[in-house]
Amino acid sequence: MSLDLVPLAVLMGLATYPSRALPLLLSRTGRLRPAILDYLRLVGPAVLAALAAANTVVQVETLADGARVSAFHVGIEWLAVLACVAIVTWRRNLLFGIVAAVALVAGVRAVGLA
Amino acid sequence: MPYPDAVIGLPAASSPSPDPALVASRRRLVLDGLGIIASAAGFGLVYGLSARAAGFSLVEGSAMSVIVFAGAAQFAAVGYVLGGFSWLGVVLLTAFLNARHLLYSAALSPYLADRPRPLRAVMAHLLTDEAFALSAAHFRRLGRADLWGYWYAAIVTTFIPWNLATIAGLLLGGAIPDPSRFGIDVVFPAAMAGLAVALVAGRREAVAAIAAALLAVAVSLAWDPAAGIVVGGLIGPALGRAVPIRAARHRYPESPLPLADPELPGSALEDAEGDPR
């Protein structure tokens, strides 16, 4: 069994770990200014909304030369994500929202509309 | 759905009664995590299938999932290895794709600053989109860190299903139907959107989230989604902070650290005027 790519996995892990660890490891209790804490409080909703939007609206393809190309995507996924947001807002239940989103997408794909 | 206390790590009936807010928040975390488990398993399976198709061995594909533990970078690596690109390019792309973790780590750091550094070092390796989303919402509801909640979000809902599904994809290959047929690909954006909504407690969060989403899409289309997410995550909160505090009506008191969710049983929070919520 080949192990040739295990060193690459280690290098990729080393490239990833600092972004995960540095703020966590460098922070000390009570050392951050209130303005920074206030900013960090807003990072959660902002970055999760950014993730959701980018993963719903943008499709990425990797070309033969390695270039990554982004394209605007319109599809049933929009409605599914909006349905999930509506259910979470209404019922405060993420699981119901996800089930509804998956059911909508699976149903539309099953009948060949997407 | 009721969960016995033992399932969510609370003392048995003979022990002192547990904090009701903690019990309620953990129950919600467990339920929210079920969707994330489906997402991690679905994407882990697709990654395992892709890695197998690209010629990765079981050890190589699994090493990626254990050591890198970052879906977008792993998918990109499969494509780049298949295309014969240099390792340096793959490593640089990995750092770029995963730069958003800086924001997660920074956002969680106020909650975890008093924990031992070796513990934080271990927690950092398990910090993913999903772990951040679930634990940030959980900490926000409680107004403090809960290690049990973090380990549940990071290990039970993400690390274990991601790695088991990777192995399944690598071993079983074409015998597995395409998970996208069942709509599994929409679980991740739906879960992230739902958890973002759960974190919106007032106009400032709403402005931060909407601005970040718009910026993320614009920059993603102009450049790359990895950059879009970082730009949205950096600038969105700054725009949210620009909303005057008087105009921002929060469900939570205006405090640097998010406080406990007043909807949870046992929460004794009062608003800024001292009125019980």
# chains A, B, ... in the order shown; residues from 1 in each chain; ligands from 1

$ residues_around --residues "stretch 45-58 of chain B" --least-positions-apart "5" --cutoff "7 Å" --atoms "only C-alpha atoms" --output "number ranges by chain"
A: 1-2; B: 75, 78, 82, 165-170, 173

$ residues_around --residues "A:Ala50" --least-positions-apart "6" --cutoff "6 Å" --atoms "only C-alpha atoms" --output "JSON, numbers by chain"
{"B": [212, 213, 216, 229, 232]}

$ write_last_selection --atoms "C-alpha atoms" --output "PDB file, in the first residue's frame"
ATOM      1  CA  ALA B 212     -20.698  39.401   4.908  1.00  0.00           C
ATOM      2  CA  ALA B 213     -22.875  37.248   2.636  1.00  0.00           C
ATOM      3  CA  ALA B 216     -18.499  36.880   0.105  1.00  0.00           C
ATOM      4  CA  ILE B 229     -15.378  34.041   2.961  1.00  0.00           C
ATOM      5  CA  GLY B 232     -16.929  38.762   4.286  1.00  0.00           C
TER       6      GLY B 232
END

$ interface_residues --of "chain A" --to "chain B" --cutoff "6 Å" --atoms "only C-alpha atoms" --output "number ranges by chain"
A: 2-3, 5-6, 9, 12-13, 15-16, 19-21, 23-24, 27-29, 34, 37-40, 42-43, 45-55, 70, 81, 84-85, 88, 94-95, 102, 105-106

$ write_last_selection --atoms "C-alpha atoms" --output "short mmCIF file (atom, residue, chain, number, x, y, z; two decimals), in the first residue's frame"
data_model
loop_
_atom_site.label_atom_id
_atom_site.label_comp_id
_atom_site.auth_asym_id
_atom_site.auth_seq_id
_atom_site.Cartn_x
_atom_site.Cartn_y
_atom_site.Cartn_z
CA SER A 2 1.40 3.38 -1.04
CA LEU A 3 2.44 5.87 1.62
CA LEU A 5 1.24 11.09 -0.08
CA VAL A 6 1.42 10.88 3.70
CA ALA A 9 -0.80 15.32 4.26
CA MET A 12 -0.92 20.37 4.47
CA GLY A 13 -1.67 19.88 8.16
CA ALA A 15 -0.05 24.77 6.65
CA THR A 16 -3.50 24.61 8.22
CA SER A 19 -4.64 29.56 11.26
CA ARG A 20 -6.56 27.29 13.61
CA ALA A 21 -4.30 27.70 16.58
CA PRO A 23 -5.48 33.23 18.10
CA LEU A 24 -6.52 30.44 20.49
CA SER A 27 -5.11 34.86 23.77
CA ARG A 28 -5.04 35.61 27.47
CA THR A 29 -7.95 36.22 29.79
CA PRO A 34 -13.92 45.68 24.59
CA LEU A 37 -14.44 41.57 21.83
CA ASP A 38 -17.45 43.37 20.37
CA TYR A 39 -16.05 42.82 16.87
CA LEU A 40 -15.37 39.14 17.56
CA LEU A 42 -20.09 39.59 15.26
CA VAL A 43 -17.63 37.29 13.49
CA PRO A 45 -22.94 35.30 12.22
CA ALA A 46 -20.84 37.05 9.56
CA VAL A 47 -18.55 34.19 8.64
CA LEU A 48 -21.32 31.58 8.75
CA ALA A 49 -23.50 33.72 6.48
CA ALA A 50 -20.52 34.18 4.16
CA LEU A 51 -19.94 30.42 4.07
CA ALA A 52 -23.61 29.73 3.35
CA ALA A 53 -23.83 32.34 0.61
CA ALA A 54 -20.60 31.34 -1.12
CA ASN A 55 -21.53 27.65 -1.03
CA SER A 70 -15.87 30.78 -9.97
CA VAL A 81 -31.33 27.25 2.04
CA CYS A 84 -34.00 26.22 6.17
CA VAL A 85 -33.51 29.86 7.25
CA VAL A 88 -34.94 28.12 11.90
CA LEU A 94 -31.99 23.59 12.78
CA LEU A 95 -32.65 19.88 12.27
CA VAL A 102 -32.62 18.10 1.85
CA VAL A 105 -33.55 19.26 -3.18
CA ALA A 106 -33.85 15.47 -3.30
#

$ atom_distance --atom1 "atom CA of B:Pro20" --atom2 "atom CA of B:Arg141"
12.1 Å

$ closest_residue --among "B:Gly149, B:Gly202, B:Ile37, B:Val23" --to "A:Ile98" --atoms "only C-alpha atoms"
B:Ile37

$ atom_distance --atom1 "atom CA of A:Ala83" --atom2 "atom CA of B:Tyr150"
27.5 Å

$ select_by_dssp --residues "stretch 11-114 of chain A" --states "helix (DSSP H, G or I)" --output "PDB file with C-alpha atoms, in the first residue's frame"
ATOM      1  CA  LEU A  11       2.715  19.428   5.127  1.00  0.00           C
ATOM      2  CA  MET A  12      -0.915  20.373   4.467  1.00  0.00           C
ATOM      3  CA  GLY A  13      -1.667  19.880   8.157  1.00  0.00           C
ATOM      4  CA  LEU A  14       1.273  22.131   9.057  1.00  0.00           C
ATOM      5  CA  ALA A  15      -0.053  24.770   6.647  1.00  0.00           C
ATOM      6  CA  THR A  16      -3.496  24.612   8.224  1.00  0.00           C
ATOM      7  CA  TYR A  17      -2.684  24.430  11.919  1.00  0.00           C
ATOM      8  CA  PRO A  18      -1.390  28.010  12.464  1.00  0.00           C
ATOM      9  CA  SER A  19      -4.644  29.560  11.261  1.00  0.00           C
ATOM     10  CA  ARG A  20      -6.561  27.294  13.608  1.00  0.00           C
ATOM     11  CA  ALA A  21      -4.302  27.696  16.583  1.00  0.00           C
ATOM     12  CA  LEU A  22      -2.623  31.096  16.721  1.00  0.00           C
ATOM     13  CA  PRO A  23      -5.485  33.229  18.104  1.00  0.00           C
ATOM     14  CA  LEU A  24      -6.516  30.444  20.495  1.00  0.00           C
ATOM     15  CA  LEU A  25      -2.996  29.926  21.800  1.00  0.00           C
ATOM     16  CA  LEU A  26      -2.006  33.584  22.014  1.00  0.00           C
ATOM     17  CA  PRO A  34     -13.916  45.678  24.592  1.00  0.00           C
ATOM     18  CA  ALA A  35     -14.012  46.965  21.004  1.00  0.00           C
ATOM     19  CA  ILE A  36     -12.187  43.846  19.819  1.00  0.00           C
ATOM     20  CA  LEU A  37     -14.444  41.568  21.829  1.00  0.00           C
ATOM     21  CA  ASP A  38     -17.447  43.367  20.371  1.00  0.00           C
ATOM     22  CA  TYR A  39     -16.050  42.822  16.871  1.00  0.00           C
ATOM     23  CA  LEU A  40     -15.366  39.139  17.558  1.00  0.00           C
ATOM     24  CA  ARG A  41     -18.940  38.702  18.762  1.00  0.00           C
ATOM     25  CA  LEU A  42     -20.092  39.591  15.255  1.00  0.00           C
ATOM     26  CA  VAL A  43     -17.626  37.289  13.488  1.00  0.00           C
ATOM     27  CA  GLY A  44     -19.798  34.203  14.061  1.00  0.00           C
ATOM     28  CA  PRO A  45     -22.944  35.303  12.215  1.00  0.00           C
ATOM     29  CA  ALA A  46     -20.842  37.054   9.563  1.00  0.00           C
ATOM     30  CA  VAL A  47     -18.554  34.192   8.642  1.00  0.00           C
ATOM     31  CA  LEU A  48     -21.317  31.580   8.754  1.00  0.00           C
ATOM     32  CA  ALA A  49     -23.499  33.721   6.477  1.00  0.00           C
ATOM     33  CA  ALA A  50     -20.518  34.182   4.158  1.00  0.00           C
ATOM     34  CA  LEU A  51     -19.944  30.418   4.065  1.00  0.00           C
ATOM     35  CA  ALA A  52     -23.610  29.726   3.351  1.00  0.00           C
ATOM     36  CA  ALA A  53     -23.830  32.338   0.607  1.00  0.00           C
ATOM     37  CA  ALA A  54     -20.605  31.336  -1.119  1.00  0.00           C
ATOM     38  CA  ASN A  55     -21.527  27.653  -1.030  1.00  0.00           C
ATOM     39  CA  THR A  56     -25.020  28.308  -2.399  1.00  0.00           C
ATOM     40  CA  VAL A  57     -24.489  30.989  -5.008  1.00  0.00           C
ATOM     41  CA  ILE A  76     -32.955  24.719  -6.207  1.00  0.00           C
ATOM     42  CA  GLU A  77     -30.267  25.052  -3.526  1.00  0.00           C
ATOM     43  CA  TRP A  78     -31.288  28.712  -3.117  1.00  0.00           C
ATOM     44  CA  LEU A  79     -34.831  27.768  -2.213  1.00  0.00           C
ATOM     45  CA  ALA A  80     -33.618  24.963   0.031  1.00  0.00           C
ATOM     46  CA  VAL A  81     -31.325  27.252   2.036  1.00  0.00           C
ATOM     47  CA  LEU A  82     -34.037  29.920   2.288  1.00  0.00           C
ATOM     48  CA  ALA A  83     -36.478  27.270   3.492  1.00  0.00           C
ATOM     49  CA  CYS A  84     -34.000  26.224   6.173  1.00  0.00           C
ATOM     50  CA  VAL A  85     -33.506  29.855   7.251  1.00  0.00           C
ATOM     51  CA  ALA A  86     -37.272  30.373   7.418  1.00  0.00           C
ATOM     52  CA  ILE A  87     -37.789  27.260   9.530  1.00  0.00           C
ATOM     53  CA  VAL A  88     -34.944  28.117  11.898  1.00  0.00           C
ATOM     54  CA  THR A  89     -36.336  31.633  12.282  1.00  0.00           C
ATOM     55  CA  TRP A  90     -39.839  30.332  12.867  1.00  0.00           C
ATOM     56  CA  ARG A  91     -39.266  27.189  14.920  1.00  0.00           C
ATOM     57  CA  LEU A  94     -31.991  23.587  12.783  1.00  0.00           C
ATOM     58  CA  LEU A  95     -32.652  19.885  12.269  1.00  0.00           C
ATOM     59  CA  PHE A  96     -36.147  20.523  10.866  1.00  0.00           C
ATOM     60  CA  GLY A  97     -34.669  23.163   8.599  1.00  0.00           C
ATOM     61  CA  ILE A  98     -31.970  20.844   7.269  1.00  0.00           C
ATOM     62  CA  VAL A  99     -34.434  17.991   6.733  1.00  0.00           C
ATOM     63  CA  ALA A 100     -36.743  20.319   4.793  1.00  0.00           C
ATOM     64  CA  ALA A 101     -33.858  21.601   2.667  1.00  0.00           C
ATOM     65  CA  VAL A 102     -32.623  18.102   1.851  1.00  0.00           C
ATOM     66  CA  ALA A 103     -36.140  16.845   1.105  1.00  0.00           C
ATOM     67  CA  LEU A 104     -36.778  19.762  -1.242  1.00  0.00           C
ATOM     68  CA  VAL A 105     -33.546  19.255  -3.184  1.00  0.00           C
ATOM     69  CA  ALA A 106     -33.849  15.466  -3.302  1.00  0.00           C
ATOM     70  CA  GLY A 107     -37.498  15.692  -4.411  1.00  0.00           C
ATOM     71  CA  VAL A 108     -36.830  18.206  -7.175  1.00  0.00           C
ATOM     72  CA  ARG A 109     -33.850  16.179  -8.410  1.00  0.00           C
ATOM     73  CA  ALA A 110     -35.845  12.953  -8.262  1.00  0.00           C
TER      74      ALA A 110
END

$ atom_distance --atom1 "atom CA of B:Asp178" --atom2 "atom CA of A:Gly112"
15.5 Å
